file structure-v6.cif (mmCIF, C-alpha atoms and all ligand atoms)
data_query
#
loop_
_atom_site.label_atom_id
_atom_site.label_comp_id
_atom_site.auth_asym_id
_atom_site.auth_seq_id
_atom_site.Cartn_x
_atom_site.Cartn_y
_atom_site.Cartn_z
CA ALA S 1 80.01 120.73 108.83
CA PRO S 2 83.58 121.13 110.09
CA SER S 3 84.78 118.11 112.03
CA LEU S 4 86.91 120.14 114.41
CA ALA S 5 85.06 122.45 116.80
CA TYR S 6 85.00 123.61 120.43
CA ASP S 7 81.89 122.60 122.39
CA ALA S 8 79.96 124.67 124.94
CA ASN S 9 82.59 123.83 127.60
CA ASN S 10 85.40 125.10 125.34
CA GLN S 11 86.59 121.54 124.76
CA LEU S 12 87.95 120.62 121.33
CA CYS S 13 85.91 117.88 119.67
CA VAL S 14 86.35 115.79 116.53
CA ASP S 15 82.94 114.99 115.07
CA GLY S 16 81.40 115.63 118.47
CA VAL S 17 83.83 113.40 120.41
CA SER S 18 85.90 115.13 123.10
CA VAL S 19 89.62 115.14 122.35
CA ALA S 20 90.47 115.42 126.05
CA ASP S 21 88.39 112.32 126.82
CA LEU S 22 90.19 110.35 124.10
CA ALA S 23 93.57 111.53 125.38
CA ARG S 24 92.62 110.47 128.91
CA GLU S 25 91.53 107.05 127.68
CA HIS S 26 94.36 106.31 125.25
CA GLY S 27 97.22 108.54 126.40
CA THR S 28 99.35 110.90 124.34
CA PRO S 29 100.73 111.41 121.76
CA LEU S 30 97.55 110.36 120.03
CA PHE S 31 96.43 110.70 116.42
CA ILE S 32 92.71 111.23 115.90
CA TYR S 33 91.20 110.91 112.42
CA SER S 34 87.74 111.78 111.14
CA LYS S 35 86.12 109.42 108.66
CA ALA S 36 83.55 112.10 107.79
CA THR S 37 86.29 114.54 106.81
CA MET S 38 88.00 111.94 104.63
CA LEU S 39 84.76 111.15 102.86
CA ARG S 40 84.03 114.87 102.37
CA ALA S 41 87.43 115.32 100.74
CA LEU S 42 86.78 112.30 98.54
CA GLN S 43 83.35 113.64 97.59
CA ALA S 44 84.93 116.81 96.18
CA TYR S 45 86.79 114.63 93.66
CA GLN S 46 83.79 112.41 93.04
CA GLN S 47 81.66 115.48 92.27
CA GLY S 48 84.32 116.70 89.86
CA PHE S 49 84.22 113.32 88.10
CA ALA S 50 80.44 112.85 88.06
CA GLY S 51 79.44 111.10 84.85
CA ARG S 52 83.07 110.35 83.93
CA ASN S 53 85.00 107.13 83.74
CA ALA S 54 87.37 107.86 86.60
CA LEU S 55 89.23 105.94 89.29
CA ILE S 56 90.59 107.62 92.40
CA CYS S 57 93.66 105.77 93.67
CA PHE S 58 94.53 106.97 97.17
CA ALA S 59 98.30 107.52 97.42
CA MET S 60 98.61 105.47 100.57
CA LYS S 61 102.06 106.73 101.45
CA ALA S 62 100.20 109.74 102.88
CA ASN S 63 98.50 107.57 105.49
CA SER S 64 98.74 103.81 105.40
CA THR S 65 96.93 102.95 108.64
CA LEU S 66 94.76 99.92 107.84
CA ALA S 67 91.46 101.42 108.99
CA VAL S 68 92.11 104.54 106.92
CA LEU S 69 92.74 102.37 103.86
CA GLN S 70 89.59 100.44 104.66
CA VAL S 71 87.53 103.66 104.58
CA PHE S 72 88.79 104.42 101.08
CA ALA S 73 88.50 100.82 99.84
CA GLN S 74 84.88 100.70 101.00
CA ALA S 75 84.24 104.01 99.24
CA GLY S 76 85.34 102.38 95.96
CA CYS S 77 88.83 103.83 95.75
CA GLY S 78 91.87 102.15 94.35
CA PHE S 79 95.36 102.67 95.76
CA ASP S 80 98.63 104.06 94.51
CA ILE S 81 101.39 101.98 96.09
CA VAL S 82 105.16 102.38 96.04
CA SER S 83 106.41 99.14 97.59
CA GLY S 84 105.60 95.50 98.18
CA GLY S 85 104.90 96.47 101.77
CA GLU S 86 102.22 98.91 100.71
CA LEU S 87 100.75 96.21 98.47
CA GLU S 88 100.45 93.85 101.45
CA ARG S 89 98.88 96.57 103.57
CA ALA S 90 96.37 97.54 100.89
CA LEU S 91 95.31 93.91 100.41
CA ALA S 92 95.06 93.44 104.20
CA ALA S 93 92.67 96.40 104.29
CA GLY S 94 90.43 94.86 101.62
CA ALA S 95 91.65 96.65 98.48
CA ASP S 96 90.61 95.38 95.07
CA PRO S 97 93.93 94.39 93.42
CA ALA S 98 92.63 95.41 89.99
CA ARG S 99 92.40 98.97 91.35
CA ILE S 100 95.99 99.10 92.56
CA ILE S 101 98.66 100.98 90.63
CA PHE S 102 102.33 100.66 91.47
CA SER S 103 104.50 103.81 91.27
CA GLY S 104 108.13 104.40 92.20
CA VAL S 105 111.57 104.65 90.61
CA GLY S 106 113.07 101.60 92.30
CA LYS S 107 110.88 98.53 92.12
CA LYS S 108 112.67 95.28 92.95
CA ARG S 109 112.12 92.12 90.92
CA SER S 110 110.58 90.48 93.99
CA GLU S 111 108.11 93.36 94.29
CA MET S 112 107.26 93.16 90.58
CA ARG S 113 106.57 89.43 90.96
CA GLN S 114 104.46 89.99 94.07
CA ALA S 115 102.38 92.65 92.28
CA LEU S 116 101.95 90.54 89.13
CA GLN S 117 100.81 87.57 91.21
CA ALA S 118 98.34 89.78 93.07
CA GLY S 119 96.95 90.96 89.71
CA ILE S 120 97.36 94.71 90.13
CA GLY S 121 95.85 97.08 87.59
CA CYS S 122 98.94 98.90 86.37
CA PHE S 123 102.65 99.48 86.89
CA ASN S 124 103.66 103.10 86.50
CA VAL S 125 107.07 102.54 84.96
CA GLU S 126 109.67 105.24 85.54
CA SER S 127 112.61 104.28 83.27
CA ILE S 128 113.65 102.34 80.16
CA ASN S 129 115.62 99.88 82.28
CA GLU S 130 112.57 99.22 84.41
CA LEU S 131 110.63 98.36 81.21
CA HIS S 132 113.23 95.69 80.39
CA VAL S 133 113.30 94.19 83.88
CA LEU S 134 109.53 94.16 84.27
CA ASN S 135 109.24 92.50 80.86
CA GLU S 136 111.67 89.77 81.96
CA VAL S 137 109.82 89.16 85.22
CA ALA S 138 106.44 88.95 83.44
CA VAL S 139 107.78 86.59 80.76
CA GLU S 140 109.22 84.32 83.49
CA LEU S 141 105.80 84.21 85.13
CA GLY S 142 104.13 83.61 81.76
CA CYS S 143 101.98 86.72 81.97
CA GLN S 144 101.84 90.29 80.71
CA ALA S 145 102.38 93.28 82.97
CA PRO S 146 99.90 96.12 82.43
CA ILE S 147 101.95 99.30 82.23
CA SER S 148 101.84 103.00 81.83
CA ILE S 149 104.95 105.14 81.58
CA ARG S 150 105.39 108.00 83.99
CA VAL S 151 106.32 111.00 81.89
CA ASN S 152 108.01 114.00 83.38
CA PRO S 153 106.12 116.93 81.82
CA ASN S 154 108.83 119.39 82.93
CA VAL S 155 106.58 121.92 84.60
CA ASP S 156 107.34 123.76 87.80
CA ALA S 157 104.83 122.84 90.49
CA ARG S 158 105.95 125.88 92.51
CA THR S 159 106.16 123.97 95.74
CA HIS S 160 108.91 122.95 98.19
CA PRO S 161 111.92 121.64 96.19
CA TYR S 162 111.88 118.35 98.12
CA ILE S 163 108.35 117.58 96.98
CA SER S 164 108.48 118.97 93.44
CA THR S 165 108.83 116.08 91.06
CA GLY S 166 107.80 117.20 87.57
CA LEU S 167 110.88 119.22 86.63
CA LYS S 168 113.91 118.15 84.63
CA GLY S 169 116.75 117.23 86.92
CA ASN S 170 114.90 115.05 89.38
CA LYS S 171 114.87 111.30 89.55
CA PHE S 172 111.24 110.69 88.59
CA GLY S 173 109.74 109.55 85.30
CA VAL S 174 110.90 109.48 81.68
CA ALA S 175 111.71 112.80 79.99
CA HIS S 176 108.96 114.21 77.80
CA GLU S 177 111.24 113.99 74.71
CA GLU S 178 111.96 110.30 75.36
CA ALA S 179 108.37 109.26 75.97
CA LEU S 180 107.49 108.22 72.39
CA GLY S 181 110.60 106.04 72.10
CA ALA S 182 109.87 104.45 75.47
CA TYR S 183 106.31 103.60 74.39
CA GLN S 184 107.54 102.12 71.11
CA LEU S 185 109.91 99.93 73.08
CA ALA S 186 107.19 98.93 75.57
CA ALA S 187 104.80 98.03 72.75
CA SER S 188 107.45 95.73 71.27
CA LEU S 189 108.15 93.77 74.46
CA PRO S 190 106.13 90.53 74.83
CA GLY S 191 105.75 90.72 78.62
CA LEU S 192 104.24 94.18 78.64
CA GLN S 193 100.81 95.49 77.78
CA VAL S 194 100.44 99.25 77.42
CA VAL S 195 97.31 100.37 79.25
CA GLY S 196 97.92 104.06 79.82
CA ILE S 197 100.14 107.04 80.46
CA ASP S 198 101.00 108.68 83.76
CA CYS S 199 102.44 111.84 85.28
CA HIS S 200 102.79 113.44 88.71
CA ILE S 201 104.26 116.89 89.06
CA GLY S 202 104.69 117.39 92.78
CA SER S 203 102.93 117.73 96.08
CA GLN S 204 101.23 120.49 98.10
CA ILE S 205 100.37 122.33 94.86
CA THR S 206 98.17 125.30 95.69
CA GLN S 207 97.56 126.89 92.26
CA PRO S 208 95.82 125.51 89.17
CA GLY S 209 98.51 126.88 86.81
CA PRO S 210 101.04 124.02 87.00
CA TYR S 211 98.24 121.48 86.57
CA LEU S 212 96.89 123.21 83.48
CA ASP S 213 100.40 123.41 81.97
CA ALA S 214 101.02 119.73 82.67
CA MET S 215 97.62 118.78 81.24
CA GLN S 216 98.38 120.56 77.93
CA ARG S 217 101.78 118.93 77.62
CA MET S 218 100.43 115.49 78.49
CA LEU S 219 97.51 115.72 76.06
CA ASP S 220 99.95 116.74 73.28
CA LEU S 221 101.93 113.65 74.11
CA VAL S 222 98.90 111.36 74.16
CA GLN S 223 98.02 112.55 70.66
CA LEU S 224 101.59 112.06 69.43
CA ILE S 225 101.92 108.53 70.87
CA GLU S 226 98.50 107.42 69.62
CA SER S 227 99.28 108.81 66.15
CA HIS S 228 102.11 106.24 66.12
CA GLY S 229 99.60 103.44 66.57
CA ILE S 230 99.93 102.88 70.31
CA PRO S 231 96.57 103.35 72.08
CA LEU S 232 96.63 104.71 75.63
CA PRO S 233 93.38 103.53 77.25
CA HIS S 234 93.86 105.43 80.50
CA PHE S 235 95.31 108.74 81.49
CA ASP S 236 96.74 109.00 85.04
CA PHE S 237 97.22 112.59 86.13
CA GLY S 238 98.91 111.89 89.48
CA GLY S 239 98.20 113.56 92.80
CA GLY S 240 99.59 116.66 94.42
CA LEU S 241 96.68 118.93 95.26
CA GLY S 242 97.57 120.93 98.35
CA ILE S 243 95.68 121.62 101.56
CA THR S 244 95.40 124.59 103.93
CA TYR S 245 98.00 124.34 106.69
CA ALA S 246 98.14 128.08 107.40
CA ASP S 247 96.72 130.51 104.86
CA GLU S 248 97.15 128.59 101.59
CA THR S 249 94.11 128.67 99.31
CA PRO S 250 94.35 125.62 97.06
CA PRO S 251 91.55 125.18 94.52
CA ALA S 252 88.75 122.83 95.55
CA ALA S 253 89.15 119.45 93.85
CA ASN S 254 85.85 119.77 91.95
CA ASP S 255 86.70 123.28 90.67
CA LEU S 256 90.17 122.22 89.60
CA TRP S 257 88.82 119.19 87.77
CA LYS S 258 86.14 121.24 86.07
CA GLU S 259 88.93 123.26 84.45
CA LEU S 260 91.09 120.23 83.67
CA LEU S 261 88.22 118.23 82.20
CA ALA S 262 87.29 121.20 80.02
CA GLU S 263 90.79 120.97 78.51
CA MET S 264 90.32 117.28 77.85
CA ASP S 265 86.84 117.79 76.41
CA ALA S 266 88.11 120.57 74.14
CA ARG S 267 90.43 117.99 72.55
CA GLY S 268 87.77 115.33 72.35
CA MET S 269 89.60 113.28 75.02
CA GLY S 270 87.08 113.66 77.82
CA ASP S 271 85.77 110.10 77.76
CA ARG S 272 89.11 108.41 78.23
CA GLN S 273 89.48 106.51 81.52
CA LEU S 274 90.97 108.91 84.03
CA LEU S 275 93.07 107.90 87.05
CA ILE S 276 94.33 110.16 89.79
CA GLU S 277 96.63 109.53 92.76
CA PRO S 278 95.75 112.02 95.51
CA GLY S 279 97.21 111.54 98.97
CA ARG S 280 97.45 114.63 101.15
CA SER S 281 94.22 116.25 99.90
CA LEU S 282 92.18 113.21 101.00
CA VAL S 283 93.55 112.84 104.53
CA GLY S 284 95.71 115.82 105.54
CA ASN S 285 93.04 117.83 107.27
CA ALA S 286 91.22 114.74 108.53
CA GLY S 287 93.73 114.15 111.33
CA ILE S 288 95.18 115.81 114.41
CA CYS S 289 97.93 114.81 116.80
CA VAL S 290 97.28 115.42 120.50
CA ALA S 291 100.19 116.02 122.84
CA GLU S 292 100.54 116.86 126.54
CA VAL S 293 102.57 119.82 127.74
CA LEU S 294 105.35 118.31 129.87
CA PHE S 295 107.24 121.45 130.83
CA LEU S 296 107.34 125.15 130.12
CA LYS S 297 110.88 126.46 129.98
CA HIS S 298 111.77 130.10 129.92
CA ALA S 299 115.28 130.28 128.53
CA GLU S 300 117.25 133.44 127.93
CA ALA S 301 116.40 133.95 124.26
CA LYS S 302 113.21 131.90 123.91
CA ASN S 303 110.34 130.26 125.69
CA PHE S 304 109.93 126.56 125.09
CA CYS S 305 106.78 124.54 125.40
CA ILE S 306 107.99 120.95 125.70
CA VAL S 307 105.37 118.40 124.69
CA ASP S 308 105.31 114.60 124.53
CA ALA S 309 104.99 114.40 120.71
CA ALA S 310 108.19 114.76 118.74
CA MET S 311 109.88 114.65 115.36
CA ASN S 312 109.61 110.86 115.36
CA ASP S 313 105.80 111.18 115.50
CA LEU S 314 105.44 114.21 113.25
CA PRO S 315 108.54 114.67 111.09
CA ARG S 316 107.28 117.37 108.69
CA PRO S 317 108.48 120.43 110.63
CA ALA S 318 111.95 118.93 111.15
CA MET S 319 112.22 117.71 107.56
CA TYR S 320 110.67 120.55 105.57
CA GLU S 321 110.27 123.33 108.12
CA ALA S 322 106.60 122.68 107.51
CA TYR S 323 104.00 124.74 109.34
CA HIS S 324 101.25 123.00 111.30
CA GLN S 325 98.72 124.95 113.31
CA ILE S 326 98.82 124.16 117.05
CA VAL S 327 95.76 124.83 119.18
CA PRO S 328 94.84 124.22 122.82
CA VAL S 329 92.46 121.32 123.46
CA LYS S 330 90.69 123.47 126.05
CA GLN S 331 90.08 126.83 124.46
CA ALA S 332 91.60 129.67 126.50
CA GLN S 333 89.43 132.54 127.77
CA ALA S 334 89.42 135.41 125.31
CA ASP S 335 91.25 137.66 127.80
CA ALA S 336 93.90 135.07 128.83
CA ALA S 337 97.48 136.30 128.47
CA ALA S 338 99.47 134.45 125.79
CA THR S 339 103.21 133.82 125.70
CA THR S 340 105.26 133.14 122.58
CA TYR S 341 106.72 129.64 122.61
CA ASP S 342 108.63 127.28 120.41
CA VAL S 343 106.71 124.01 120.72
CA VAL S 344 109.32 121.25 120.89
CA GLY S 345 109.51 117.52 121.57
CA PRO S 346 111.68 115.48 123.92
CA VAL S 347 114.01 114.12 121.20
CA CYS S 348 117.68 115.04 121.53
CA GLU S 349 117.98 117.18 118.40
CA SER S 350 117.61 120.91 117.87
CA GLY S 351 115.53 120.04 114.79
CA ASP S 352 112.93 118.46 117.04
CA TRP S 353 110.32 121.18 116.96
CA LEU S 354 106.65 121.14 115.98
CA GLY S 355 105.98 124.88 115.81
CA ARG S 356 107.97 128.07 116.21
CA ASP S 357 106.95 131.38 117.78
CA ARG S 358 103.43 130.33 118.70
CA ALA S 359 101.33 132.52 120.96
CA LEU S 360 99.84 130.15 123.53
CA SER S 361 98.18 130.44 126.87
CA VAL S 362 99.24 127.09 128.36
CA GLN S 363 100.22 125.39 131.58
CA GLN S 364 102.06 122.22 132.41
CA GLY S 365 99.69 119.27 131.94
CA ASP S 366 97.54 120.98 129.29
CA LEU S 367 96.80 119.27 126.00
CA LEU S 368 97.65 120.74 122.59
CA ALA S 369 96.46 119.57 119.19
CA VAL S 370 98.71 119.75 116.14
CA LEU S 371 96.40 120.17 113.17
CA SER S 372 96.62 118.92 109.56
CA ALA S 373 98.31 115.78 110.86
CA GLY S 374 96.42 113.25 108.76
CA ALA S 375 98.96 113.08 105.91
CA TYR S 376 102.67 112.26 105.99
CA CYS S 377 102.85 112.18 109.80
CA MET S 378 102.14 108.70 111.16
CA SER S 379 103.19 107.20 107.82
CA MET S 380 106.59 108.92 108.13
CA SER S 381 106.97 108.31 111.86
CA SER S 382 109.91 106.43 113.32
CA THR S 383 110.95 104.95 116.63
CA TYR S 384 113.97 107.23 117.05
CA ASN S 385 115.01 107.50 120.70
CA SER S 386 113.16 104.17 121.21
CA ARG S 387 109.90 106.02 121.28
CA GLY S 388 107.03 103.70 120.41
CA ARG S 389 104.70 104.91 117.70
CA ALA S 390 101.61 106.82 118.83
CA ALA S 391 98.17 105.28 119.19
CA GLU S 392 95.55 106.13 116.55
CA VAL S 393 91.81 106.63 116.88
CA LEU S 394 89.36 106.93 114.01
CA ILE S 395 86.01 108.63 114.58
CA ALA S 396 83.36 106.99 112.45
CA ASP S 397 79.65 107.88 112.69
CA GLY S 398 80.15 109.66 116.02
CA LYS S 399 81.95 106.70 117.59
CA ALA S 400 85.64 106.48 118.47
CA HIS S 401 87.54 103.36 117.40
CA LEU S 402 91.07 102.59 118.55
CA VAL S 403 92.55 101.59 115.16
CA ALA S 404 96.20 101.32 116.22
CA GLU S 405 97.53 100.60 119.67
CA ARG S 406 100.47 102.51 121.04
CA GLU S 407 103.64 100.64 120.08
CA THR S 408 105.39 99.05 123.04
CA VAL S 409 109.14 99.29 123.44
CA SER S 410 109.41 95.50 123.51
CA ALA S 411 107.69 95.45 120.10
CA ILE S 412 110.32 97.87 118.81
CA TYR S 413 113.17 95.52 119.68
CA ALA S 414 111.34 92.24 119.18
CA ARG S 415 113.11 91.62 115.85
CA GLU S 416 116.56 92.14 117.38
CA ARG S 417 118.88 89.48 118.80
CA LEU S 418 121.62 89.70 121.40
CA LEU S 419 124.99 88.26 120.42
N1 LIG K 1 101.69 109.94 93.12
C1 LIG K 1 103.03 109.89 93.20
C2 LIG K 1 103.78 109.21 92.16
C3 LIG K 1 103.69 110.51 94.28
O1 LIG K 1 105.02 110.47 94.33
C4 LIG K 1 102.94 111.15 95.30
C5 LIG K 1 103.60 111.78 96.43
C6 LIG K 1 101.55 111.15 95.17
C7 LIG K 1 100.95 110.54 94.08
C8 LIG K 1 100.65 111.79 96.20
O2 LIG K 1 100.87 113.16 96.28
P1 LIG K 1 99.92 114.07 97.18
O3 LIG K 1 98.54 114.06 96.58
O4 LIG K 1 99.94 113.52 98.56
O5 LIG K 1 100.57 115.40 97.13
N2 LIG K 1 106.31 113.76 102.61
C9 LIG K 1 106.02 114.97 101.88
C10 LIG K 1 105.20 114.69 100.62
C11 LIG K 1 105.87 113.71 99.70
C12 LIG K 1 105.04 113.39 98.47
C13 LIG K 1 105.62 112.25 97.72
N3 LIG K 1 104.86 111.81 96.58
C14 LIG K 1 105.29 115.93 102.80
O6 LIG K 1 105.08 115.59 103.95
O7 LIG K 1 104.96 117.04 102.41
#
call {"tool": "encode", "arguments": {"input": "structure-v6.cif", "output": "structure tokens"}}
result
Amino acid sequence: APSLAYDANNQLCVDGVSVADLAREHGTPLFIYSKATMLRALQAYQQGFAGRNALICFAMKANSTLAVLQVFAQAGCGFDIVSGGELERALAAGADPARIIFSGVGKKRSEMRQALQAGIGCFNVESINELHVLNEVAVELGCQAPISIRVNPNVDARTHPYISTGLKGNKFGVAHEEALGAYQLAASLPGLQVVGIDCHIGSQITQPGPYLDAMQRMLDLVQLIESHGIPLPHFDFGGGLGITYADETPPAANDLWKELLAEMDARGMGDRQLLIEPGRSLVGNAGICVAEVLFLKHAEAKNFCIVDAAMNDLPRPAMYEAYHQIVPVKQAQADAAATTYDVVGPVCESGDWLGRDRALSVQQGDLLAVLSAGAYCMSMSSTYNSRGRAAEVLIADGKAHLVAERETVSAIYARERLL
């Protein structure tokens, strides 16, 4: 059942709870998440992996709200983290440290130490120099760091250049040609224990092609490295599966994995432990952001619908010109006249827009919902213009829970000192 639907009174509901009621109670801008939708997205992966030795590590950068992490931790997921801060958050939400993997090109020694002391499952190492530093830190602590090396398979994910990561010429991973040498080095260092191999080719991938290409190249590499006497117990295939924002038709996770697992099976590698790091596909369409229409402005060249959510709350349009559907919280009558608006926020930048050229039948004081706001919105939000971060509600089993209070302005400047 879809979580988002209009009821008999034309009111938008999330899992049966009225969005307008929540906005009245908690104010706007307000993020509303659906636990049921998150679990449905997770189930698509779980179905794909039925009978396999697989661990789904939620890439928590997509949404790191504690209650969201808690949902995934309770469902048995691990977490893909990229900082010591994300490690603390994951542990605070009840994550099993053994199911945490640590990605990222720039890990600090202090973060390596923190992760070793927590006992995380694996470091996804992204360079030769990182191998040396991690080895030193582990030796100092008298332990071994479990590692995999992130290999750049050099395939084109055919996505936005800012979120494509698997091609030559970007900062991520070790080049395919250098992977064997890097593993030989890792195997020789006393503070490291090789536990797997890793890749991630990009984000918002909507076709199976790039995944299949990357899978072939990675499996070739696994065979090559193992033929040199270095076993790779797990295979981490990264995240990146896209969602529907407008009219994209990404493969369903279970269909995609059926194809990918067939490739692994064909090479006799289907029973290796599999890890994945999905972010967006688990939470993106499980969240909306509700905003109030402050003013309608009819300027010479354009009509503007000025709302109380802005680029600080929802940075994807400003950063990537990303498209998010915007719908009225009270559905308009079928015959209502619509006007074309740019939906913009109050922040003092021309880049502060949420949607362009949207046909809307709205009035001052109406509520709008920005859809597909569960991934890379709150987690990328800022307090620019001294705007406190939005409140967040999670709907679980038909009940609304306030899982993050609206940030007060005094909390924003609490860490500051006057001269
Ligand atoms: N693993 C690694 C190593 C990653 O760098 C990422 C995302 C993921 C997993 C999760 O990818 P996903 O399944 O969410 O596509 N802020 C951008 C997306 C940046 C993605 C960064 N890396 C956006 O809003 O589109």
call {"tool": "closest_residue", "arguments": {"input": "structure-v6.cif", "among": "S:Leu275, S:Ala286, S:Val293, S:Ile243", "to": "Arg52 (chain S)", "atoms": "all atoms listed in the file"}}
result
S:Leu275
call {"tool": "residues_around", "arguments": {"input": "structure-v6.cif", "residues": "Ala400 (chain S)", "least_positions_apart": "2", "cutoff": "10 Å", "atoms": "only C-alpha atoms", "output": "MDAnalysis selection string"}}
result
chainID S and resid 14:15 17:18 22 32:34 393:398 402:403
call {"tool": "residues_near_ligand", "arguments": {"input": "structure-v6.cif", "ligand": "ligand LIG 1 (chain K)", "cutoff": "7 Å", "atoms": "all atoms listed in the file", "output": "list in words"}}
result
Ala59, Ala62, Asp80, Ser103, Gly104, Ile163, His200, Gly202, Ser203, Gln204, Gly238, Gly239, Gly240, Leu241, Gly242, Glu277, Pro278, Gly279, Arg280, Ser281, Arg316, Ala375 and Tyr376 of chain S
call {"tool": "closest_residue", "arguments": {"input": "structure-v6.cif", "among": "S:Leu256, S:Val283, S:Ala41, S:Val409", "to": "Thr206 (chain S)", "atoms": "all atoms listed in the file"}}
result
S:Leu256
call {"tool": "atom_distance", "arguments": {"input": "structure-v6.cif", "atom1": "CA of Gln144 (chain S)", "atom2": "CA of Ser127 (chain S)"}}
result
17.8 Å
call {"tool": "closest_residue", "arguments": {"input": "structure-v6.cif", "among": "S:Leu141, S:Ala73, S:Leu91, S:Val68", "to": "Ala118 (chain S)", "atoms": "only C-alpha atoms"}}
result
S:Leu91
call {"tool": "closest_residue", "arguments": {"input": "structure-v6.cif", "among": "S:Ala36, S:Glu130, S:Ile306, S:Gly84", "to": "Gln117 (chain S)", "atoms": "only C-alpha atoms"}}
result
S:Gly84
call {"tool": "closest_residue", "arguments": {"input": "structure-v6.cif", "among": "S:Ile149, S:Ala138, S:Val19, S:Ala44", "to": "Pro251 (chain S)", "atoms": "only C-alpha atoms"}}
result
S:Ala44
call {"tool": "closest_residue", "arguments": {"input": "structure-v6.cif", "among": "S:Asn303, S:Gln114, S:Gln223, S:Gln43", "to": "Asp342 (chain S)", "atoms": "all atoms listed in the file"}}
result
S:Asn303
call {"tool": "atom_distance", "arguments": {"input": "structure-v6.cif", "atom1": "CA of Gly196 (chain S)", "atom2": "CA of Ser148 (chain S)"}}
result
4.5 Å
call {"tool": "atom_distance", "arguments": {"input": "structure-v6.cif", "atom1": "CA of Glu300 (chain S)", "atom2": "CA of Thr340 (chain S)"}}
result
13.1 Å
call {"tool": "axis_aligned_box", "arguments": {"input": "structure-v6.cif", "around": "region 194-212 of chain S", "padding_each_side": "5 Å", "output": "AutoDock Vina command-line options"}}
result
--center_x 100.3 --center_y 113.1 --center_z 87.8 --size_x 18.9 --size_y 37.6 --size_z 30.7
call {"tool": "residues_near_point", "arguments": {"input": "structure-v6.cif", "point": "(94.9, 120.0, 110.9)", "cutoff": "9 Å", "atoms": "only C-alpha atoms", "output": "PyMOL selection string"}}
result
chain S and resi 4+244-245+284-289+324-326+369-374
call {"tool": "residues_near_point", "arguments": {"input": "structure-v6.cif", "point": "(110.8, 102.9, 108.5)", "cutoff": "12 Å", "atoms": "only C-alpha atoms", "output": "ChimeraX atom specification"}}
result
/S:61,85,312-313,378-384,389,412
call {"tool": "write_last_selection", "arguments": {"input": "structure-v6.cif", "atoms": "C-alpha atoms", "output": "PDB file, keeping the file's coordinate frame"}}
result
ATOM      1  CA  LYS S  61     102.060 106.730 101.450  1.00  0.00           C
ATOM      2  CA  GLY S  85     104.900  96.470 101.770  1.00  0.00           C
ATOM      3  CA  ASN S 312     109.610 110.860 115.360  1.00  0.00           C
ATOM      4  CA  ASP S 313     105.800 111.180 115.500  1.00  0.00           C
ATOM      5  CA  MET S 378     102.140 108.700 111.160  1.00  0.00           C
ATOM      6  CA  SER S 379     103.190 107.200 107.820  1.00  0.00           C
ATOM      7  CA  MET S 380     106.590 108.920 108.130  1.00  0.00           C
ATOM      8  CA  SER S 381     106.970 108.310 111.860  1.00  0.00           C
ATOM      9  CA  SER S 382     109.910 106.430 113.320  1.00  0.00           C
ATOM     10  CA  THR S 383     110.950 104.950 116.630  1.00  0.00           C
ATOM     11  CA  TYR S 384     113.970 107.230 117.050  1.00  0.00           C
ATOM     12  CA  ARG S 389     104.700 104.910 117.700  1.00  0.00           C
ATOM     13  CA  ILE S 412     110.320  97.870 118.810  1.00  0.00           C
TER      14      ILE S 412
END
call {"tool": "residues_around", "arguments": {"input": "structure-v6.cif", "residues": "region 95-99 of chain S", "least_positions_apart": "2", "cutoff": "10 Å", "atoms": "all atoms listed in the file", "output": "ChimeraX atom specification"}}
result
/S:55-57,69-70,72-74,76-80,87-93,101,115-122,275
call {"tool": "residues_around", "arguments": {"input": "structure-v6.cif", "residues": "region 266-272 of chain S", "least_positions_apart": "6", "cutoff": "8 Å", "atoms": "only C-alpha atoms", "output": "list in words"}}
result
Arg52, Asn53, Pro233, His234 and Phe235 of chain S
call {"tool": "closest_atom_pairs", "arguments": {"input": "structure-v6.cif", "of": "region 189-291 of chain S", "to": "region 172-184 of chain S", "cutoff": "12 Å", "atoms": "only C-alpha atoms", "output": "Markdown table"}}
result
| residue | atom | partner | partner_atom | distance |
| --- | --- | --- | --- | --- |
| S:Leu189 | CA | S:Gln184 | CA | 9.0 |
| S:Leu192 | CA | S:Tyr183 | CA | 10.5 |
| S:Gln193 | CA | S:Tyr183 | CA | 10.4 |
| S:Val194 | CA | S:Tyr183 | CA | 7.9 |
| S:Val195 | CA | S:Tyr183 | CA | 10.7 |
| S:Gly196 | CA | S:Tyr183 | CA | 10.0 |
| S:Ile197 | CA | S:Tyr183 | CA | 9.3 |
| S:Asp198 | CA | S:Gly173 | CA | 8.9 |
| S:Cys199 | CA | S:Gly173 | CA | 7.7 |
| S:His200 | CA | S:Gly173 | CA | 8.7 |
| S:Ile201 | CA | S:Phe172 | CA | 9.3 |
| S:Gly202 | CA | S:Phe172 | CA | 10.3 |
| S:Ala214 | CA | S:His176 | CA | 10.8 |
| S:Arg217 | CA | S:His176 | CA | 8.6 |
| S:Met218 | CA | S:His176 | CA | 8.7 |
| S:Leu219 | CA | S:His176 | CA | 11.7 |
| S:Asp220 | CA | S:His176 | CA | 10.4 |
| S:Leu221 | CA | S:His176 | CA | 8.0 |
| S:Val222 | CA | S:Leu180 | CA | 9.3 |
| S:Gln223 | CA | S:Leu180 | CA | 10.6 |
| S:Leu224 | CA | S:Leu180 | CA | 7.6 |
| S:Ile225 | CA | S:Leu180 | CA | 5.8 |
| S:Glu226 | CA | S:Leu180 | CA | 9.4 |
| S:Ser227 | CA | S:Leu180 | CA | 10.3 |
| S:His228 | CA | S:Gln184 | CA | 8.4 |
| S:Gly229 | CA | S:Gln184 | CA | 9.2 |
| S:Ile230 | CA | S:Tyr183 | CA | 7.6 |
| S:Pro231 | CA | S:Tyr183 | CA | 10.0 |
| S:Leu232 | CA | S:Tyr183 | CA | 9.8 |
| S:Gly238 | CA | S:Gly173 | CA | 11.8 |
